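**Q** If it helps, the file is called query_31.cif and holds mmCIF, C-alpha atoms:
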```
data_start
loop_
_atom_site.label_atom_id
_atom_site.label_comp_id
_atom_site.auth_asym_id
_atom_site.auth_seq_id
_atom_site.Cartn_x
_atom_site.Cartn_y
_atom_site.Cartn_z
CA MET B 1 100.07 109.56 100.82
CA ILE B 2 96.90 109.93 102.82
CA ILE B 3 97.09 107.96 106.05
CA ALA B 4 94.02 106.39 107.57
CA LYS B 5 93.14 103.95 110.31
CA ARG B 6 90.15 101.68 110.63
CA LYS B 7 87.45 103.00 112.92
CA PRO B 8 86.59 100.93 116.00
CA VAL B 9 84.52 97.98 114.80
CA ALA B 10 81.70 98.63 117.24
CA GLU B 11 81.31 102.13 115.79
CA ILE B 12 80.93 100.77 112.27
CA VAL B 13 78.59 97.99 113.39
CA ASP B 14 76.40 100.67 114.94
CA MET B 15 76.33 102.55 111.61
CA VAL B 16 75.10 99.54 109.64
CA LYS B 17 72.96 97.79 112.22
CA ASP B 18 69.73 98.71 110.44
CA PHE B 19 70.82 97.31 107.08
CA ASN B 20 70.77 93.73 105.82
CA ARG B 21 73.20 94.04 102.90
CA VAL B 22 76.36 96.08 103.11
CA LEU B 23 78.97 96.72 100.44
CA VAL B 24 82.39 97.05 102.07
CA LEU B 25 84.32 99.08 99.55
CA GLY B 26 88.09 99.37 99.53
CA CYS B 27 90.40 101.65 97.61
CA ARG B 28 93.65 100.64 95.93
CA GLY B 29 95.14 104.08 96.48
CA CYS B 30 96.79 105.49 99.59
CA VAL B 31 94.73 103.52 102.13
CA SER B 32 95.84 100.32 100.49
CA VAL B 33 99.49 101.28 100.89
CA CYS B 34 99.05 102.18 104.57
CA SER B 35 97.10 98.94 105.16
CA ALA B 36 93.90 100.65 106.24
CA GLY B 37 91.50 100.12 103.36
CA GLY B 38 92.88 97.80 100.70
CA GLU B 39 91.57 94.40 99.65
CA ARG B 40 92.91 92.61 102.70
CA GLU B 41 91.42 95.13 105.12
CA VAL B 42 88.10 94.96 103.28
CA GLU B 43 87.93 91.19 103.89
CA ILE B 44 88.77 91.67 107.55
CA LEU B 45 86.20 94.42 108.10
CA ALA B 46 83.49 92.47 106.27
CA SER B 47 84.16 89.52 108.56
CA LEU B 48 84.15 91.70 111.66
CA LEU B 49 80.86 93.34 110.64
CA ARG B 50 79.25 89.95 110.12
CA LEU B 51 80.55 88.78 113.49
CA GLY B 52 79.41 91.99 115.18
CA CYS B 53 75.92 91.50 113.79
CA GLN B 54 75.94 87.77 114.57
CA LYS B 55 76.66 88.65 118.19
CA VAL B 56 73.41 90.59 118.44
CA GLY B 57 71.52 87.88 116.57
CA LYS B 58 71.34 89.64 113.23
CA LYS B 59 72.37 88.18 109.90
CA LEU B 60 74.31 90.65 107.78
CA THR B 61 75.17 89.95 104.18
CA THR B 62 78.33 91.62 102.97
CA ILE B 63 79.62 92.19 99.48
CA THR B 64 83.25 93.15 99.12
CA GLY B 65 84.88 95.16 96.40
CA THR B 66 87.83 97.45 95.87
CA LEU B 67 88.01 100.30 93.39
CA VAL B 68 91.18 101.55 91.77
CA ARG B 69 90.49 104.88 93.47
CA GLN B 70 87.52 106.48 95.11
CA CYS B 71 88.61 110.04 94.33
CA ASP B 72 87.77 110.08 90.63
CA LYS B 73 84.35 110.00 89.08
CA GLU B 74 85.17 107.36 86.51
CA TYR B 75 86.21 104.90 89.20
CA ILE B 76 83.16 105.62 91.36
CA ASP B 77 81.14 104.59 88.31
CA GLY B 78 82.51 101.11 89.04
CA LEU B 79 79.84 100.91 91.72
CA ASP B 80 77.42 100.05 88.91
CA GLU B 81 78.65 96.48 89.23
CA TRP B 82 76.88 96.09 92.57
CA ASP B 83 73.74 98.11 91.86
CA GLY B 84 70.73 96.67 93.64
CA GLN B 85 72.86 94.29 95.73
CA TYR B 86 73.41 96.46 98.82
CA ASP B 87 71.52 98.73 101.18
CA ALA B 88 74.53 100.71 102.39
CA ILE B 89 78.19 101.22 101.58
CA VAL B 90 81.01 101.25 104.11
CA SER B 91 83.84 102.99 102.30
CA MET B 92 87.34 102.18 103.48
CA ALA B 93 88.81 104.98 101.40
CA CYS B 94 89.88 108.23 102.98
CA GLY B 95 87.26 110.90 103.55
CA VAL B 96 87.66 111.99 99.95
CA GLY B 97 86.25 108.70 98.77
CA VAL B 98 83.25 108.88 101.07
CA ASN B 99 82.55 112.41 99.86
CA PHE B 100 82.89 111.40 96.22
CA ILE B 101 80.38 108.59 96.58
CA ALA B 102 77.99 110.95 98.36
CA ASN B 103 78.53 113.59 95.66
CA ILE B 104 77.90 111.25 92.77
CA ARG B 105 75.39 108.74 94.15
CA SER B 106 72.59 110.93 95.44
CA MET B 107 70.62 108.08 97.01
CA ALA B 108 73.49 105.94 98.27
CA ARG B 109 73.85 105.52 102.01
CA VAL B 110 77.58 105.71 102.50
CA TYR B 111 79.47 105.45 105.79
CA PRO B 112 83.16 105.84 106.65
CA GLY B 113 85.06 102.72 107.66
CA VAL B 114 88.27 104.57 108.49
CA ASN B 115 89.39 107.72 110.20
CA THR B 116 91.48 109.79 107.82
CA THR B 117 94.52 110.80 109.80
CA CYS B 118 96.96 112.90 107.83
CA MET B 119 99.28 113.16 104.86
CA GLY B 120 102.38 111.30 105.80
CA GLY B 121 104.86 108.59 105.16
CA SER B 122 106.33 105.48 106.72
CA MET B 123 109.90 105.61 108.00
CA GLU B 124 109.51 102.20 109.60
CA GLN B 125 107.14 99.33 109.00
CA GLY B 126 103.76 99.83 110.63
CA LYS B 127 104.31 103.43 111.67
CA TRP B 128 103.25 106.52 109.74
CA THR B 129 103.94 110.11 110.60
CA GLU B 130 102.53 113.37 109.27
CA GLN B 131 104.86 115.15 106.89
CA CYS B 132 102.67 117.69 105.10
CA ALA B 133 99.69 119.73 106.24
CA GLY B 134 98.57 120.68 102.74
CA CYS B 135 98.62 124.34 103.72
CA GLY B 136 98.74 125.49 100.11
CA ASN B 137 101.74 127.80 100.56
CA CYS B 138 104.83 125.63 100.68
CA VAL B 139 107.93 126.88 102.50
CA LEU B 140 110.03 123.76 102.20
CA HIS B 141 112.56 125.57 100.01
CA LEU B 142 113.32 127.80 103.00
CA THR B 143 113.45 125.09 105.64
CA GLY B 144 115.71 122.47 104.15
CA GLY B 145 112.78 120.32 103.06
CA LEU B 146 111.40 119.86 106.58
CA CYS B 147 107.91 121.23 107.17
CA PRO B 148 107.34 123.41 110.23
CA VAL B 149 103.62 123.73 109.46
CA ALA B 150 102.96 120.01 109.75
CA ARG B 151 105.77 118.92 112.02
CA CYS B 152 106.00 121.71 114.60
CA ALA B 153 103.32 121.28 117.27
CA LYS B 154 102.73 125.02 117.13
CA SER B 155 103.23 125.40 113.36
CA LEU B 156 105.75 128.12 114.14
CA MET B 157 107.47 129.89 111.28
CA ASN B 158 110.36 131.15 113.42
CA GLY B 159 111.24 128.32 115.75
CA PRO B 160 112.46 126.70 117.76
CA CYS B 161 110.29 127.90 120.59
CA GLY B 162 111.54 128.14 124.17
CA GLY B 163 110.21 124.68 124.92
CA SER B 164 112.57 122.84 122.62
CA VAL B 165 114.81 120.75 124.87
CA GLY B 166 117.58 118.46 123.73
CA GLY B 167 116.21 118.48 120.21
CA ARG B 168 112.81 117.21 121.34
CA CYS B 169 109.41 118.88 121.15
CA GLU B 170 107.98 120.08 124.45
CA ILE B 171 104.45 119.10 123.43
CA HIS B 172 105.31 115.61 122.24
CA ALA B 173 108.57 114.44 123.75
CA ASP B 174 108.62 111.41 121.47
CA ILE B 175 109.07 113.52 118.33
CA PRO B 176 112.01 115.69 117.33
CA CYS B 177 111.71 119.46 117.46
CA ILE B 178 111.46 120.07 113.76
CA TRP B 179 112.93 123.55 114.09
CA GLN B 180 115.99 122.10 115.77
CA SER B 181 116.16 119.64 112.86
CA ILE B 182 115.81 122.51 110.37
CA HIS B 183 118.68 124.44 112.01
CA ASP B 184 120.86 121.31 112.17
CA ARG B 185 120.14 120.38 108.57
CA LEU B 186 120.73 123.85 107.13
CA SER B 187 123.97 124.04 109.13
CA ARG B 188 125.12 120.76 107.62
CA LEU B 189 124.28 122.09 104.18
CA GLY B 190 126.12 125.36 104.81
CA ARG B 191 122.89 127.34 104.54
CA LYS B 192 122.31 128.33 108.17
CA GLU B 193 122.64 132.05 107.44
CA GLU B 194 119.46 131.83 105.36
CA LEU B 195 117.51 131.47 108.58
CA SER B 196 118.54 135.00 109.57
CA ALA B 197 116.60 136.50 106.67
CA ILE B 198 113.49 138.39 107.66
CA ALA B 199 110.54 136.48 106.28
CA PRO B 200 107.39 138.30 105.24
CA ILE B 201 104.25 137.71 107.26
CA ARG B 202 102.91 134.39 106.14
CA ASP B 203 99.73 134.27 104.12
CA TRP B 204 97.54 131.61 105.69
CA SER B 205 94.59 132.25 103.37
CA THR B 206 95.46 129.11 101.41
CA ALA B 207 95.40 126.90 104.48
CA GLY B 208 91.75 125.96 104.40
CA HIS B 209 90.34 128.39 106.91
CA GLY B 210 88.11 129.99 104.29
CA GLY B 211 86.17 126.94 103.23
CA PRO B 212 86.99 124.19 100.76
CA ARG B 213 89.88 124.85 98.44
CA THR B 214 89.87 124.33 94.70
CA SER B 215 92.73 123.75 92.32
CA TRP B 216 92.08 124.70 88.69
CA ARG B 217 94.15 123.69 85.72
CA ASP B 218 92.47 125.28 82.72
CA ASP B 219 94.94 123.51 80.43
CA LEU B 220 93.35 120.25 81.56
CA THR B 221 89.68 121.19 81.59
CA ILE B 222 87.51 120.21 78.65
CA MET I 1 73.47 70.31 128.90
CA SER I 2 77.25 69.96 128.91
CA PHE I 3 79.15 72.22 126.59
CA SER I 4 81.57 70.66 124.14
CA PRO I 5 83.52 73.48 122.55
CA ASP I 6 84.66 73.73 118.96
CA ILE I 7 88.31 74.79 119.11
CA GLN I 8 90.31 75.39 115.97
CA ALA I 9 94.10 75.11 116.26
CA TYR I 10 96.34 76.49 113.54
CA CYS I 11 99.74 74.87 113.82
CA CYS I 12 102.80 75.23 111.69
CA HIS I 13 104.29 72.21 109.99
CA TYR I 14 107.05 71.95 112.58
CA THR I 15 105.06 72.28 115.80
CA SER I 16 102.30 69.97 114.64
CA GLN I 17 104.56 67.04 113.78
CA GLN I 18 102.99 65.21 116.68
CA SER I 19 99.70 65.12 114.86
CA CYS I 20 101.35 63.07 112.13
CA SER I 21 102.77 60.37 114.37
CA GLN I 22 100.64 57.23 114.32
CA ASN I 23 98.18 59.17 112.17
CA GLY I 24 97.36 61.29 115.18
CA GLY I 25 96.11 58.29 117.12
CA GLY I 26 98.73 58.70 119.80
CA LEU I 27 97.59 62.24 120.47
CA ILE I 28 94.16 61.22 121.72
CA GLU I 29 95.68 58.43 123.85
CA ASP I 30 98.00 60.99 125.42
CA GLY I 31 95.14 63.28 126.36
CA PHE I 32 94.77 65.61 123.39
CA PRO I 33 91.22 66.95 123.68
CA ALA I 34 88.75 65.77 121.05
CA THR I 35 87.34 69.29 121.01
CA VAL I 36 90.42 70.59 119.20
CA THR I 37 90.71 70.42 115.42
CA ILE I 38 94.22 70.83 114.05
CA ASN I 39 94.69 72.90 110.91
CA ARG I 40 98.23 72.42 109.61
CA LEU I 41 100.07 75.24 107.89
CA PRO I 42 103.44 75.37 106.15
CA CYS I 43 104.29 78.23 108.53
CA SER I 44 102.20 80.12 111.09
CA GLY I 45 103.34 83.33 109.38
CA LYS I 46 101.15 82.22 106.46
CA LEU I 47 98.04 82.87 108.56
CA GLN I 48 95.82 85.78 107.68
CA VAL I 49 93.66 87.70 110.14
CA SER I 50 90.68 86.89 107.93
CA THR I 51 91.36 83.15 108.35
CA LEU I 52 91.23 83.46 112.11
CA LEU I 53 88.03 85.52 111.94
CA ALA I 54 86.49 83.01 109.54
CA ALA I 55 87.01 80.31 112.17
CA PHE I 56 84.81 82.27 114.57
CA GLU I 57 82.29 82.91 111.79
CA ASN I 58 82.19 79.18 111.12
CA GLY I 59 81.27 78.41 114.71
CA ALA I 60 84.52 78.10 116.62
CA ASP I 61 84.25 78.85 120.32
CA GLY I 62 87.98 79.28 120.59
CA VAL I 63 90.96 79.56 118.27
CA TYR I 64 94.65 79.20 118.89
CA VAL I 65 97.84 79.28 116.91
CA VAL I 66 100.98 77.27 117.59
CA GLY I 67 104.18 78.44 116.02
CA CYS I 68 107.89 77.99 116.56
CA PRO I 69 109.70 79.68 119.46
CA LYS I 70 110.03 83.40 118.70
CA ASP I 71 113.78 83.39 118.17
CA THR I 72 114.12 80.05 116.40
CA CYS I 73 111.30 80.03 113.86
CA HIS I 74 112.15 77.79 110.93
CA ASN I 75 111.13 80.68 108.68
CA LEU I 76 112.87 83.33 110.78
CA MET I 77 109.94 85.59 111.71
CA GLY I 78 106.90 83.51 110.79
CA SER I 79 105.74 82.85 114.33
CA GLN I 80 106.32 86.49 115.29
CA ARG I 81 104.10 87.56 112.42
CA ALA I 82 101.47 85.07 113.51
CA ALA I 83 101.57 86.46 117.05
CA LYS I 84 100.87 89.94 115.68
CA LYS I 85 97.87 88.66 113.77
CA VAL I 86 96.54 86.91 116.84
CA LEU I 87 96.96 90.17 118.73
CA ALA I 88 95.00 92.01 116.02
CA VAL I 89 92.13 89.53 116.42
CA LYS I 90 92.29 89.81 120.20
CA ARG I 91 91.85 93.58 119.89
CA ALA I 92 89.01 93.18 117.42
CA LEU I 93 87.23 90.72 119.74
CA GLU I 94 87.63 93.20 122.56
CA GLU I 95 86.11 95.94 120.39
CA LEU I 96 83.15 93.67 119.76
CA GLY I 97 82.71 92.96 123.46
CA VAL I 98 83.93 89.37 123.22
CA GLU I 99 86.49 87.79 125.54
CA PRO I 100 89.94 88.17 123.94
CA ALA I 101 91.00 84.96 125.68
CA ARG I 102 89.06 83.10 123.01
CA ILE I 103 92.14 83.36 120.84
CA GLU I 104 95.70 82.69 121.91
CA MET I 105 99.18 82.34 120.45
CA PHE I 106 101.62 79.71 121.68
CA HIS I 107 105.28 79.31 120.80
CA LEU I 108 106.44 75.71 121.09
CA ALA I 109 109.55 73.79 120.17
CA ARG I 110 109.34 71.61 117.11
CA GLY I 111 109.03 67.88 117.37
CA LEU I 112 107.22 65.63 119.77
CA HIS I 113 106.61 67.28 123.12
CA PRO I 114 104.06 67.01 125.91
CA GLU I 115 103.68 70.81 125.72
CA PHE I 116 101.76 70.44 122.46
CA ILE I 117 99.11 68.40 124.24
CA ALA I 118 99.21 70.58 127.37
CA THR I 119 98.54 73.65 125.22
CA ALA I 120 95.45 72.06 123.72
CA GLN I 121 94.27 71.07 127.19
CA THR I 122 94.79 74.64 128.43
CA MET I 123 92.69 76.02 125.59
CA ASP I 124 90.02 73.38 126.15
CA THR I 125 89.77 74.38 129.82
CA THR I 126 89.75 78.10 129.01
CA ILE I 127 87.01 77.81 126.42
CA ARG I 128 84.89 75.47 128.55
CA ASN I 129 85.07 78.10 131.31
CA LEU I 130 84.16 80.90 128.91
CA GLY I 131 81.23 78.98 127.47
CA PRO I 132 79.84 79.06 123.93
CA SER I 133 80.97 81.77 121.53
CA PRO I 134 78.84 84.92 121.77
CA PHE I 135 78.88 84.93 117.97
CA LYS I 136 76.53 81.96 117.99
CA GLY I 137 73.53 84.17 118.69
CA GLU I 138 70.41 83.14 116.82
CA SER I 139 69.82 85.25 113.71
CA LYS I 140 66.74 87.42 113.85
#
```
Can you give me the file's structure in the form of structure tokens?
**A**
Amino acid sequence: MIIAKRKPVAEIVDMVKDFNRVLVLGCRGCVSVCSAGGEREVEILASLLRLGCQKVGKKLTTITGTLVRQCDKEYIDGLDEWDGQYDAIVSMACGVGVNFIANIRSMARVYPGVNTTCMGGSMEQGKWTEQCAGCGNCVLHLTGGLCPVARCAKSLMNGPCGGSVGGRCEIHADIPCIWQSIHDRLSRLGRKEELSAIAPIRDWSTAGHGGPRTSWRDDLTI
Amino acid sequence: MSFSPDIQAYCCHYTSQQSCSQNGGGLIEDGFPATVTINRLPCSGKLQVSTLLAAFENGADGVYVVGCPKDTCHNLMGSQRAAKKVLAVKRALEELGVEPARIEMFHLARGLHPEFIATAQTMDTTIRNLGPSPFKGESK
């Protein structure tokens, strides 16, 4: 899922300080699962925004709502419910949601309530780690299911590098060297010899360096 | 003009038993500050961050939570969960430039103990020293 974290409250208060009525808009998708932008977090942020404005002697009216998703047009249309009731939207969805509202609502003032962090998962409660970089050219079939693009600090394709010590990454000692993990895992699976194969030069053109990427499914288009 | 704070205490069923004895009358006689309003909960783990924030929105100058001792909570981890929520509000207050000491978590043994009253007195002193809540600014 997409992982996000609420922005510092003061930063959001500064975004909305010139408005009197703000719609704090949550998303029931990924940000709800990672407790950044679901219904509960919407209530908390709305309260914090009111308090932040109260502190500087301003009365802020908040409306709260949560859409099923903010990354599909039909759900953004749910904003109709609050038409005319707000001056600005603070979206607690990932950056996709903020973009979608801006795309579809040409006159809406929309601001991000969270920082979108990464695509990741939760191995323990309250902690999320990046697992996939969305590079568009997956090599997980070669690496035992562990991603060197996302999980190697240098995104090496032929690790481990010389800085791997005791199975830990030299850049972030608190995380495992993913290449060490790849070697260990493929050894356990009896596939270690696969790592000796000469891999072709990797094509990074799908990794987002050439502008926004598009995925077409003509069997789904109408 | 002297400042009489509004302090909201959220206490679990077990740590607030004292408030039930003699219909709470004994508390005042024993020195429980009149500035503190007790809100009883089945368990402090039931508390939501939004409830604590609402207390400040509703005019509280200080807020505190009393739950069971960390390792002997009647509901296992309820008071530990409450402590995390108090910490979240402390951080949020800090982000808003408000003294985090306006909210505290206390872990007390269940039953009738002088510590329950001492805790309220501590909060009363702290909040009197801090003064009125900065959230009470006049609306423009």
**Q** What do you get, as a PyMOL selection string, if you spell out every residue that the PyMOL selection byres ((chain I) within 12 of (chain B)) selects here?
**A** chain I and resi 48-60+84-85+88-98+132-140
**Q** Apply the PyMOL selection byres ((chain B and resi 62-75) around 9) to the structure shown and report the selected residues as number ranges by chain.
**A** B: 20-30, 37-39, 42-43, 46-47, 49-50, 60-61, 76-79, 82, 85-86, 91-94, 96-101, 104
**Q** Can you work out the spacing between atom CA of B:Thr143 and atom CA of B:Ser205 in Å, to one decimal?
**A** 20.3 Å
**Q** Within 12 Å of (95.3, 73.7, 122.4), all atoms listed in the file: residues as a count of residues only?
**A** 46
**Q** Give, as AutoDock Vina command-line options, the centre coordinates and the x, y and z edge lengths in Å to one decimal for an axis-aligned box around all listed atoms of stretch 139-156 of chain B, padded by 6 Å on each side.
**A**
```
--center_x 109.2 --center_y 123.5 --center_z 108.6 --size_x 25.0 --size_y 21.2 --size_z 29.3
```
**Q** I would like the residues chosen by the PyMOL selection byres ((chain I and resi 69-72) around 9) on the shown file; could you give them as a list in words?
**A**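 Listing what the PyMOL selection byres ((chain I and resi 69-72) around 9) selects in the shown file: Gly67, Cys68, Cys73, His74, Asn75, Leu76, Met77, Gly78, Ser79, Gln80, Phe106, His107, Leu108, Ala109 and Arg110 of chain I.
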**Q** Identify, on the basis of all atoms listed in the file, every residue whose closest approach to stretch 146-157 of chain B does not exceed 6 Å; exclude the query and any residue fewer than 3 positions from it along the same chain; express the result as a list in words.
**A**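 What passes the distance filter is Gln131, Cys132, Ala133, Leu140, Thr143 and Ile178 of chain B.
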**Q** Would you list the contacts of I:Pro42 as a list of chain:residue names, taking every protein, DNA or RNA residue within 8 Å and counting all atoms listed in the file, but skipping same-chain residues closer than 3 positions in sequence?
**A** I:Cys12, I:His13, I:Lys46
